[in-house]
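**Q** What follows is start.tsv, made up of TSV, C-alpha atoms and all ligand atoms:
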```
chain	number	residue	atom	x	y	z
A	1	MET	CA	47.00	-11.81	21.36
A	2	ASN	CA	45.58	-14.01	18.60
A	3	LEU	CA	46.30	-12.72	15.11
A	4	PRO	CA	43.15	-12.12	13.04
A	5	SER	CA	42.09	-14.53	10.29
A	6	PHE	CA	41.64	-13.22	6.77
A	7	SER	CA	40.55	-16.67	5.58
A	8	VAL	CA	37.40	-17.25	3.53
A	9	GLU	CA	38.08	-20.98	3.18
A	10	GLY	CA	35.00	-23.18	3.46
A	11	ARG	CA	32.58	-20.26	3.43
A	12	ILE	CA	29.46	-20.44	1.30
A	13	VAL	CA	29.50	-17.28	-0.81
A	14	CYS	CA	26.72	-15.98	-3.05
A	15	ILE	CA	27.99	-13.48	-5.62
A	16	THR	CA	25.57	-11.72	-7.96
A	17	GLY	CA	26.86	-10.49	-11.30
A	18	ALA	CA	29.29	-13.42	-11.39
A	19	SER	CA	29.11	-13.77	-15.19
A	20	SER	CA	31.20	-10.66	-15.86
A	21	GLY	CA	33.58	-8.02	-14.55
A	22	ILE	CA	33.90	-7.45	-10.82
A	23	GLY	CA	31.52	-10.23	-9.75
A	24	LYS	CA	33.27	-12.74	-12.01
A	25	ALA	CA	36.73	-11.73	-10.73
A	26	LEU	CA	35.63	-12.00	-7.10
A	27	ALA	CA	33.91	-15.35	-7.72
A	28	GLY	CA	37.12	-16.74	-9.18
A	29	ALA	CA	39.22	-15.43	-6.29
A	30	PHE	CA	36.91	-16.80	-3.59
A	31	ALA	CA	36.87	-20.18	-5.34
A	32	VAL	CA	40.69	-20.25	-5.40
A	33	ALA	CA	40.68	-19.35	-1.69
A	34	GLY	CA	38.54	-22.40	-0.91
A	35	SER	CA	35.08	-20.85	-0.67
A	36	ARG	CA	32.04	-22.61	-2.08
A	37	VAL	CA	30.79	-20.03	-4.55
A	38	VAL	CA	27.32	-19.72	-6.03
A	39	GLY	CA	27.09	-17.11	-8.78
A	40	VAL	CA	23.89	-15.40	-9.89
A	41	ALA	CA	23.35	-13.75	-13.28
A	42	ARG	CA	21.14	-14.00	-16.36
A	43	ARG	CA	23.92	-15.57	-18.42
A	44	ASN	CA	25.49	-18.93	-17.79
A	45	ILE	CA	28.33	-18.84	-15.24
A	46	ASP	CA	31.31	-20.94	-16.27
A	47	GLY	CA	33.34	-23.00	-13.85
A	48	MET	CA	31.21	-22.79	-10.70
A	49	ALA	CA	27.75	-23.37	-9.29
A	50	GLY	CA	25.35	-20.89	-10.79
A	51	VAL	CA	21.75	-19.74	-10.61
A	52	GLN	CA	20.41	-18.04	-13.71
A	53	ALA	CA	18.03	-15.25	-12.71
A	54	ASP	CA	16.96	-11.76	-13.68
A	55	LEU	CA	17.52	-9.97	-10.37
A	56	SER	CA	15.55	-6.93	-11.48
A	57	ASP	CA	12.44	-9.16	-11.36
A	58	LEU	CA	11.81	-8.56	-7.66
A	59	GLY	CA	8.88	-10.97	-7.58
A	60	ALA	CA	11.38	-13.78	-8.22
A	61	THR	CA	13.84	-12.84	-5.44
A	62	SER	CA	12.61	-15.47	-2.95
A	63	ALA	CA	12.83	-18.21	-5.57
A	64	THR	CA	16.37	-17.06	-6.46
A	65	ALA	CA	17.40	-17.12	-2.79
A	66	GLU	CA	15.98	-20.62	-2.42
A	67	ALA	CA	17.80	-21.80	-5.54
A	68	VAL	CA	21.06	-20.34	-4.19
A	69	SER	CA	20.63	-22.00	-0.79
A	70	SER	CA	19.72	-25.35	-2.34
A	71	ILE	CA	23.24	-25.78	-3.74
A	72	TYR	CA	25.58	-25.73	-0.69
A	73	GLY	CA	23.18	-24.57	2.04
A	74	ALA	CA	22.52	-21.08	3.38
A	75	PRO	CA	25.24	-18.62	2.32
A	76	ASP	CA	27.60	-17.14	4.92
A	77	ILE	CA	28.48	-14.25	2.63
A	78	LEU	CA	26.46	-12.30	0.07
A	79	ILE	CA	28.22	-10.03	-2.40
A	80	ASN	CA	25.78	-7.88	-4.37
A	81	ALA	CA	27.78	-7.11	-7.54
A	82	ALA	CA	25.15	-7.21	-10.30
A	83	GLY	CA	24.56	-3.75	-11.70
A	84	LEU	CA	23.84	-1.63	-14.74
A	85	ASN	CA	24.42	1.95	-15.79
A	86	PRO	CA	22.16	3.33	-18.53
A	87	ARG	CA	24.42	6.41	-18.97
A	88	LYS	CA	21.62	8.75	-20.01
A	89	HIS	CA	21.44	12.49	-19.49
A	90	ALA	CA	18.88	13.54	-16.87
A	91	ASP	CA	16.84	15.20	-19.63
A	92	GLU	CA	16.48	11.92	-21.50
A	93	VAL	CA	16.32	9.09	-18.99
A	94	THR	CA	13.03	7.21	-19.33
A	95	LEU	CA	10.85	5.83	-16.57
A	96	GLU	CA	11.67	2.31	-17.74
A	97	GLU	CA	15.45	2.94	-17.57
A	98	TRP	CA	15.15	4.66	-14.20
A	99	THR	CA	13.07	1.84	-12.72
A	100	ARG	CA	15.26	-0.94	-14.11
A	101	THR	CA	18.38	0.76	-12.69
A	102	ILE	CA	16.93	1.28	-9.22
A	103	ASP	CA	15.42	-2.24	-9.23
A	104	LEU	CA	18.70	-3.97	-10.11
A	105	ASN	CA	21.22	-1.74	-8.32
A	106	LEU	CA	19.31	-0.89	-5.14
A	107	ASN	CA	16.12	-2.92	-4.68
A	108	ALA	CA	17.56	-6.33	-5.60
A	109	PRO	CA	20.51	-6.09	-3.13
A	110	PHE	CA	18.09	-5.29	-0.33
A	111	PHE	CA	15.50	-7.96	-1.03
A	112	LEU	CA	18.09	-10.66	-1.78
A	113	ALA	CA	19.86	-9.81	1.48
A	114	GLN	CA	16.54	-9.83	3.34
A	115	ALA	CA	15.86	-13.32	1.98
A	116	LEU	CA	19.34	-14.67	2.80
A	117	VAL	CA	19.99	-12.95	6.13
A	118	GLU	CA	17.76	-15.36	8.04
A	119	GLY	CA	20.21	-18.19	7.36
A	120	MET	CA	23.12	-16.02	8.49
A	121	LYS	CA	21.29	-15.11	11.70
A	122	VAL	CA	20.77	-18.81	12.48
A	123	LYS	CA	24.54	-19.27	12.21
A	124	GLY	CA	25.14	-16.10	14.23
A	125	TRP	CA	27.65	-14.96	11.60
A	126	GLY	CA	27.33	-13.47	8.17
A	127	ARG	CA	28.67	-10.90	5.78
A	128	ILE	CA	26.92	-8.67	3.27
A	129	ILE	CA	29.05	-6.70	0.83
A	130	ASN	CA	27.38	-4.25	-1.51
A	131	ILE	CA	29.14	-2.66	-4.45
A	132	ALA	CA	28.79	1.11	-4.23
A	133	SER	CA	30.52	3.59	-6.56
A	134	LEU	CA	32.29	6.92	-6.85
A	135	GLN	CA	28.74	8.01	-7.72
A	136	SER	CA	27.65	7.13	-4.19
A	137	GLU	CA	29.39	10.41	-3.30
A	138	ARG	CA	29.86	12.37	-6.52
A	139	ALA	CA	27.75	13.40	-9.53
A	140	PHE	CA	29.08	12.28	-12.91
A	141	PRO	CA	27.71	13.20	-16.36
A	142	SER	CA	24.71	11.09	-17.46
A	143	GLY	CA	24.52	9.57	-14.01
A	144	ALA	CA	21.14	10.56	-12.59
A	145	ALA	CA	19.64	7.06	-12.36
A	146	TYR	CA	22.91	5.27	-11.60
A	147	GLY	CA	24.01	7.89	-9.07
A	148	ALA	CA	20.65	7.78	-7.31
A	149	SER	CA	20.90	4.00	-7.07
A	150	LYS	CA	24.48	4.08	-5.77
A	151	GLY	CA	23.78	6.87	-3.30
A	152	GLY	CA	21.00	4.59	-2.12
A	153	VAL	CA	23.38	1.64	-1.87
A	154	ALA	CA	25.64	3.60	0.49
A	155	GLN	CA	22.75	4.43	2.81
A	156	LEU	CA	21.26	0.95	2.43
A	157	THR	CA	24.58	-0.47	3.64
A	158	ARG	CA	24.36	1.60	6.83
A	159	ALA	CA	20.72	0.61	7.33
A	160	MET	CA	21.56	-3.09	6.87
A	161	ALA	CA	24.36	-2.71	9.40
A	162	GLU	CA	21.97	-1.10	11.86
A	163	ALA	CA	19.41	-3.86	11.37
A	164	TRP	CA	21.55	-6.99	11.36
A	165	SER	CA	24.98	-6.45	12.96
A	166	SER	CA	23.78	-7.29	16.47
A	167	ALA	CA	22.85	-10.73	15.09
A	168	GLY	CA	26.45	-11.23	13.88
A	169	VAL	CA	25.85	-10.15	10.29
A	170	THR	CA	27.95	-7.19	9.21
A	171	ALA	CA	27.15	-5.09	6.15
A	172	ASN	CA	29.73	-3.03	4.29
A	173	ALA	CA	30.24	-1.73	0.79
A	174	ILE	CA	33.18	-1.53	-1.57
A	175	ALA	CA	33.17	1.58	-3.74
A	176	PRO	CA	35.43	0.88	-6.74
A	177	GLY	CA	37.09	3.59	-8.77
A	178	PHE	CA	37.41	2.90	-12.52
A	179	PHE	CA	37.89	-0.78	-13.40
A	180	PRO	CA	37.83	-2.19	-16.95
A	181	THR	CA	34.65	-4.27	-17.38
A	182	GLU	CA	31.72	-4.48	-19.79
A	183	LEU	CA	30.04	-1.73	-17.76
A	184	THR	CA	32.91	0.72	-18.28
A	185	SER	CA	33.89	-0.25	-21.83
A	186	LYS	CA	32.86	3.19	-23.13
A	187	VAL	CA	35.20	4.85	-20.64
A	188	PHE	CA	38.14	2.56	-21.38
A	189	ASP	CA	37.57	2.61	-25.17
A	190	ASP	CA	38.37	6.33	-25.02
A	191	PRO	CA	42.10	6.48	-24.12
A	192	GLN	CA	41.94	10.17	-23.23
A	193	ARG	CA	39.05	9.64	-20.83
A	194	ALA	CA	40.74	6.62	-19.28
A	195	ALA	CA	43.95	8.61	-18.81
A	196	GLN	CA	42.05	11.49	-17.22
A	197	ASN	CA	40.50	9.12	-14.71
A	198	ALA	CA	43.88	7.56	-13.96
A	199	ALA	CA	45.39	11.02	-13.43
A	200	GLN	CA	42.66	11.86	-10.94
A	201	THR	CA	43.81	9.05	-8.62
A	202	CYS	CA	46.63	9.48	-6.09
A	203	ILE	CA	48.28	6.27	-7.31
A	204	GLY	CA	48.22	7.32	-10.97
A	205	ARG	CA	46.43	4.42	-12.63
A	206	ASN	CA	42.96	2.96	-13.00
A	207	GLY	CA	41.92	-0.15	-11.11
A	208	ARG	CA	42.83	-3.74	-11.92
A	209	LEU	CA	40.20	-6.31	-10.96
A	210	GLU	CA	42.66	-8.03	-8.61
A	211	ASP	CA	42.85	-4.79	-6.59
A	212	LEU	CA	39.36	-5.59	-5.28
A	213	VAL	CA	40.17	-9.06	-3.97
A	214	GLY	CA	42.07	-8.10	-0.80
A	215	PRO	CA	39.42	-5.62	0.34
A	216	ALA	CA	36.67	-8.18	-0.38
A	217	PHE	CA	38.49	-10.89	1.60
A	218	PHE	CA	39.02	-8.47	4.50
A	219	LEU	CA	35.32	-7.56	4.64
A	220	SER	CA	34.36	-11.26	4.29
A	221	SER	CA	36.65	-12.63	6.99
A	222	PRO	CA	36.86	-12.57	10.80
A	223	ALA	CA	39.52	-9.83	10.43
A	224	SER	CA	36.67	-7.33	9.90
A	225	ASP	CA	34.47	-8.55	12.78
A	226	TYR	CA	34.15	-5.01	14.22
A	227	VAL	CA	33.74	-3.22	10.87
A	228	THR	CA	30.16	-2.59	9.78
A	229	GLY	CA	28.14	0.06	7.97
A	230	GLN	CA	31.24	1.31	6.16
A	231	ILE	CA	31.94	2.26	2.56
A	232	LEU	CA	35.50	1.26	1.61
A	233	PHE	CA	36.66	3.23	-1.44
A	234	VAL	CA	39.01	1.10	-3.52
A	235	ASP	CA	39.75	3.86	-5.97
A	236	GLY	CA	43.50	4.51	-5.92
A	237	GLY	CA	42.76	7.67	-3.96
A	238	TYR	CA	40.40	9.16	-6.56
A	239	THR	CA	38.09	10.56	-3.89
A	240	ALA	CA	41.01	11.70	-1.73
A	241	LYS	CA	42.11	14.27	-4.33
B	1	LIG	N1	33.64	-1.32	-13.36
B	1	LIG	C1	33.74	-0.28	-12.58
B	1	LIG	O1	34.64	0.57	-12.75
B	1	LIG	C2	32.76	-0.06	-11.46
B	1	LIG	C3	32.94	1.06	-10.66
B	1	LIG	C4	32.06	1.28	-9.61
B	1	LIG	C5	31.04	0.39	-9.37
B	1	LIG	N2	30.88	-0.70	-10.17
B	1	LIG	C6	29.80	-1.62	-9.84
B	1	LIG	O2	30.29	-2.92	-9.79
B	1	LIG	C7	29.22	-3.83	-10.08
B	1	LIG	C8	29.69	-4.78	-11.17
B	1	LIG	O3	29.91	-4.03	-12.35
B	1	LIG	P1	30.94	-4.47	-13.47
B	1	LIG	O4	31.76	-3.29	-13.76
B	1	LIG	O5	31.58	-5.75	-13.09
B	1	LIG	O6	29.93	-4.65	-14.70
B	1	LIG	P2	29.69	-5.82	-15.75
B	1	LIG	O7	30.97	-6.40	-16.20
B	1	LIG	O8	28.77	-5.22	-16.75
B	1	LIG	O9	28.91	-6.91	-14.90
B	1	LIG	C9	27.58	-6.70	-14.49
B	1	LIG	C10	27.04	-8.00	-13.95
B	1	LIG	O10	25.68	-7.77	-13.55
B	1	LIG	C11	24.89	-8.81	-14.07
B	1	LIG	N3	23.55	-8.34	-14.36
B	1	LIG	C12	23.17	-7.27	-15.12
B	1	LIG	N4	21.84	-7.19	-15.18
B	1	LIG	C13	21.35	-8.25	-14.46
B	1	LIG	C14	20.05	-8.72	-14.15
B	1	LIG	N5	18.97	-8.07	-14.60
B	1	LIG	N6	19.92	-9.82	-13.37
B	1	LIG	C15	21.02	-10.48	-12.93
B	1	LIG	N7	22.27	-10.06	-13.17
B	1	LIG	C16	22.43	-8.98	-13.94
B	1	LIG	C17	25.58	-9.20	-15.38
B	1	LIG	O11	25.26	-10.52	-15.71
B	1	LIG	P3	24.25	-10.95	-16.90
B	1	LIG	O12	24.40	-9.95	-18.00
B	1	LIG	O13	24.72	-12.32	-17.21
B	1	LIG	O14	22.90	-10.92	-16.26
B	1	LIG	C18	27.04	-9.10	-14.98
B	1	LIG	O15	27.45	-10.31	-14.39
B	1	LIG	C19	28.03	-2.96	-10.47
B	1	LIG	O16	27.19	-2.79	-9.36
B	1	LIG	C20	28.66	-1.65	-10.83
B	1	LIG	O17	27.77	-0.58	-10.63
B	1	LIG	C21	31.71	-0.92	-11.22
```
Just give me the structure as structure tokens.

**A**
Amino acid sequence: MNLPSFSVEGRIVCITGASSGIGKALAGAFAVAGSRVVGVARRNIDGMAGVQADLSDLGATSATAEAVSSIYGAPDILINAAGLNPRKHADEVTLEEWTRTIDLNLNAPFFLAQALVEGMKVKGWGRIINIASLQSERAFPSGAAYGASKGGVAQLTRAMAEAWSSAGVTANAIAPGFFPTELTSKVFDDPQRAAQNAAQTCIGRNGRLEDLVGPAFFLSSPASDYVTGQILFVDGGYTAK
């Protein structure tokens, strides 16, 4: 029996949200592992090829996909990590905040994947990894827009798998627990809240960005060839308790 390969060396990887937090950490890890990484964000992306784009502008998605593919060629792997959380109570969330959240967190991953999947199909191999959330499964305070988008991401992942896996392109999601990033600064700035979240896990601590690298490599490599349409919770057992 041949042992499976967990290698991502030489792969062309597009990572959205690569200017900060989870996307930035994954971009750095894939680069160290020998992938050719193209990051996408509004801000400049240090240390690797980047495309500056506002992904919530859905009319610009095709141009963004073309700009990404013009750097190293068609990506083998797309990681949709750009996201926002307006953290507004359901009574107060505005139409503009709702629309921006759904556009960036749910609509952009779909339309960017739709634009890039053709190149993966030509190769007969590809990987799409969406970033879901605890809020794909659970309601949190002030999470109506974010939770709706992340619930959508979970189902979108299954729908992508249904549509594209037979062409060799798998689609899965990673659902992180609590990881310290710009997005979660309010949570981590409150030591009591951070400790409560840590206590809710089975492992007893919040996430470290490097905890996401192994799962991302697994879902990006031949080792996960028969895994598709799945949501992998990397949450220290938060949802198990
Ligand atoms: N941190 C956690 O504990 C956690 C838990 C569950 C899920 N997640 C998910 O993980 C993903 C990454 O979050 P994070 O925690 O790493 O947050 P972060 O540090 O705030 O990073 C968000 C990234 O999204 C990019 N972005 C935001 N708006 C954009 C836009 N309009 N167009 C293009 N890029 C945009 C940002 O880049 P620019 O500002 O440069 O555009 C940044 O690179 C999100 O989908 C989030 O929902 C995070």

**Q** Hey, what's within 12 Å of Arg208 (chain A) if we count only C-alpha atoms and toss same-chain stuff fewer than 5 positions away? As JSON, numbers by chain, please?

**A** {"A": [21, 22, 25, 26, 176, 177, 178, 179, 180, 181, 198, 213, 214, 234, 235, 236]}

**Q** Compute the distance from (21.8, 10.2, -5.0) to each atom, counting all atoms listed in the file, keep the residues with any atom at most 12 Å away, and return them as a PyMOL selection string; use the coordinates of the file.

**A** chain A and resi 102+106+132-140+143-156

**Q** Distance table requested - region 28-139 of chain A against region 160-174 of chain A, cut-off 6 Å, only C-alpha atoms: one row per qualifying residue with the closest atom pair and its distance in Å to one decimal, ordered by chain and rising residue number, as a Markdown table.

**A**
```
| residue | atom | partner | partner_atom | distance |
| --- | --- | --- | --- | --- |
| A:Lys121 | CA | A:Ala167 | CA | 5.8 |
| A:Gly124 | CA | A:Gly168 | CA | 5.1 |
| A:Trp125 | CA | A:Gly168 | CA | 4.5 |
| A:Gly126 | CA | A:Val169 | CA | 4.2 |
| A:Arg127 | CA | A:Thr170 | CA | 5.1 |
| A:Ile128 | CA | A:Ala171 | CA | 4.6 |
| A:Ile129 | CA | A:Asn172 | CA | 5.1 |
| A:Asn130 | CA | A:Ala173 | CA | 4.5 |
| A:Ile131 | CA | A:Ile174 | CA | 5.1 |
| A:Ala132 | CA | A:Ile174 | CA | 5.8 |
```

**Q** Looking at all atoms listed in the file, which of A:Val93, A:Ala82, A:Val40, A:Leu209 is the one that sits closest to ligand LIG 1 (chain B)?

**A**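 Counting all atoms listed in the file, the residue closest to ligand LIG 1 (chain B) is A:Ala82.
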
**Q** Would you give the centre and edge lengths, in Å to one decimal, of a box along x, y and z around the listed atoms of ligand LIG 1 (chain B), with 3 Å added to each side, as AutoDock Vina command-line options?

**A**
```
--center_x 26.8 --center_y -5.5 --center_z -13.7 --size_x 21.7 --size_y 19.6 --size_z 14.6
```

**Q** Could you please determine the separation between atom P1 of ligand LIG 1 (chain B) and CA of Leu183 (chain A) in Å, to one decimal place?

**A**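 Calculated distance between atom P1 of ligand LIG 1 (chain B) and CA of Leu183 (chain A) is 5.2 Å.
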
**Q** For region 133-149 of chain A, supply N, CA and C atoms and format the output as a PDB file, in the coordinates of the input.

**A**
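Done, and the output landed in part19.pdb:
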```pdb
ATOM      1  N   SER A 133      29.908   2.950  -5.387  1.00  0.00           N
ATOM      2  CA  SER A 133      30.520   3.590  -6.560  1.00  0.00           C
ATOM      3  C   SER A 133      31.066   4.954  -6.160  1.00  0.00           C
ATOM      4  N   LEU A 134      31.928   5.508  -7.014  1.00  0.00           N
ATOM      5  CA  LEU A 134      32.290   6.920  -6.850  1.00  0.00           C
ATOM      6  C   LEU A 134      31.003   7.757  -6.855  1.00  0.00           C
ATOM      7  N   GLN A 135      30.005   7.272  -7.614  1.00  0.00           N
ATOM      8  CA  GLN A 135      28.740   8.010  -7.720  1.00  0.00           C
ATOM      9  C   GLN A 135      27.848   7.842  -6.479  1.00  0.00           C
ATOM     10  N   SER A 136      28.328   7.087  -5.489  1.00  0.00           N
ATOM     11  CA  SER A 136      27.650   7.130  -4.190  1.00  0.00           C
ATOM     12  C   SER A 136      27.885   8.482  -3.519  1.00  0.00           C
ATOM     13  N   GLU A 137      28.975   9.148  -3.934  1.00  0.00           N
ATOM     14  CA  GLU A 137      29.390  10.410  -3.300  1.00  0.00           C
ATOM     15  C   GLU A 137      29.405  11.594  -4.259  1.00  0.00           C
ATOM     16  N   ARG A 138      29.617  11.301  -5.546  1.00  0.00           N
ATOM     17  CA  ARG A 138      29.860  12.370  -6.520  1.00  0.00           C
ATOM     18  C   ARG A 138      28.877  12.270  -7.688  1.00  0.00           C
ATOM     19  N   ALA A 139      28.564  13.410  -8.304  1.00  0.00           N
ATOM     20  CA  ALA A 139      27.750  13.400  -9.530  1.00  0.00           C
ATOM     21  C   ALA A 139      28.678  13.314 -10.738  1.00  0.00           C
ATOM     22  N   PHE A 140      28.355  12.403 -11.659  1.00  0.00           N
ATOM     23  CA  PHE A 140      29.080  12.280 -12.910  1.00  0.00           C
ATOM     24  C   PHE A 140      28.100  12.564 -14.060  1.00  0.00           C
ATOM     25  N   PRO A 141      28.611  12.963 -15.233  1.00  0.00           N
ATOM     26  CA  PRO A 141      27.710  13.200 -16.360  1.00  0.00           C
ATOM     27  C   PRO A 141      26.871  11.957 -16.680  1.00  0.00           C
ATOM     28  N   SER A 142      25.632  12.173 -17.077  1.00  0.00           N
ATOM     29  CA  SER A 142      24.710  11.090 -17.460  1.00  0.00           C
ATOM     30  C   SER A 142      24.562  10.048 -16.356  1.00  0.00           C
ATOM     31  N   GLY A 143      24.550  10.514 -15.128  1.00  0.00           N
ATOM     32  CA  GLY A 143      24.520   9.570 -14.010  1.00  0.00           C
ATOM     33  C   GLY A 143      23.330   9.711 -13.070  1.00  0.00           C
ATOM     34  N   ALA A 144      22.242  10.321 -13.531  1.00  0.00           N
ATOM     35  CA  ALA A 144      21.140  10.560 -12.590  1.00  0.00           C
ATOM     36  C   ALA A 144      20.592   9.260 -12.002  1.00  0.00           C
ATOM     37  N   ALA A 145      20.233   8.310 -12.863  1.00  0.00           N
ATOM     38  CA  ALA A 145      19.640   7.060 -12.360  1.00  0.00           C
ATOM     39  C   ALA A 145      20.681   6.234 -11.608  1.00  0.00           C
ATOM     40  N   TYR A 146      21.851   6.083 -12.215  1.00  0.00           N
ATOM     41  CA  TYR A 146      22.910   5.270 -11.600  1.00  0.00           C
ATOM     42  C   TYR A 146      23.353   5.896 -10.272  1.00  0.00           C
ATOM     43  N   GLY A 147      23.556   7.216 -10.288  1.00  0.00           N
ATOM     44  CA  GLY A 147      24.010   7.890  -9.070  1.00  0.00           C
ATOM     45  C   GLY A 147      22.978   7.799  -7.959  1.00  0.00           C
ATOM     46  N   ALA A 148      21.697   7.914  -8.331  1.00  0.00           N
ATOM     47  CA  ALA A 148      20.650   7.780  -7.310  1.00  0.00           C
ATOM     48  C   ALA A 148      20.678   6.375  -6.718  1.00  0.00           C
ATOM     49  N   SER A 149      20.866   5.378  -7.590  1.00  0.00           N
ATOM     50  CA  SER A 149      20.900   4.000  -7.070  1.00  0.00           C
ATOM     51  C   SER A 149      22.107   3.790  -6.164  1.00  0.00           C
TER      52      SER A 149
END
```
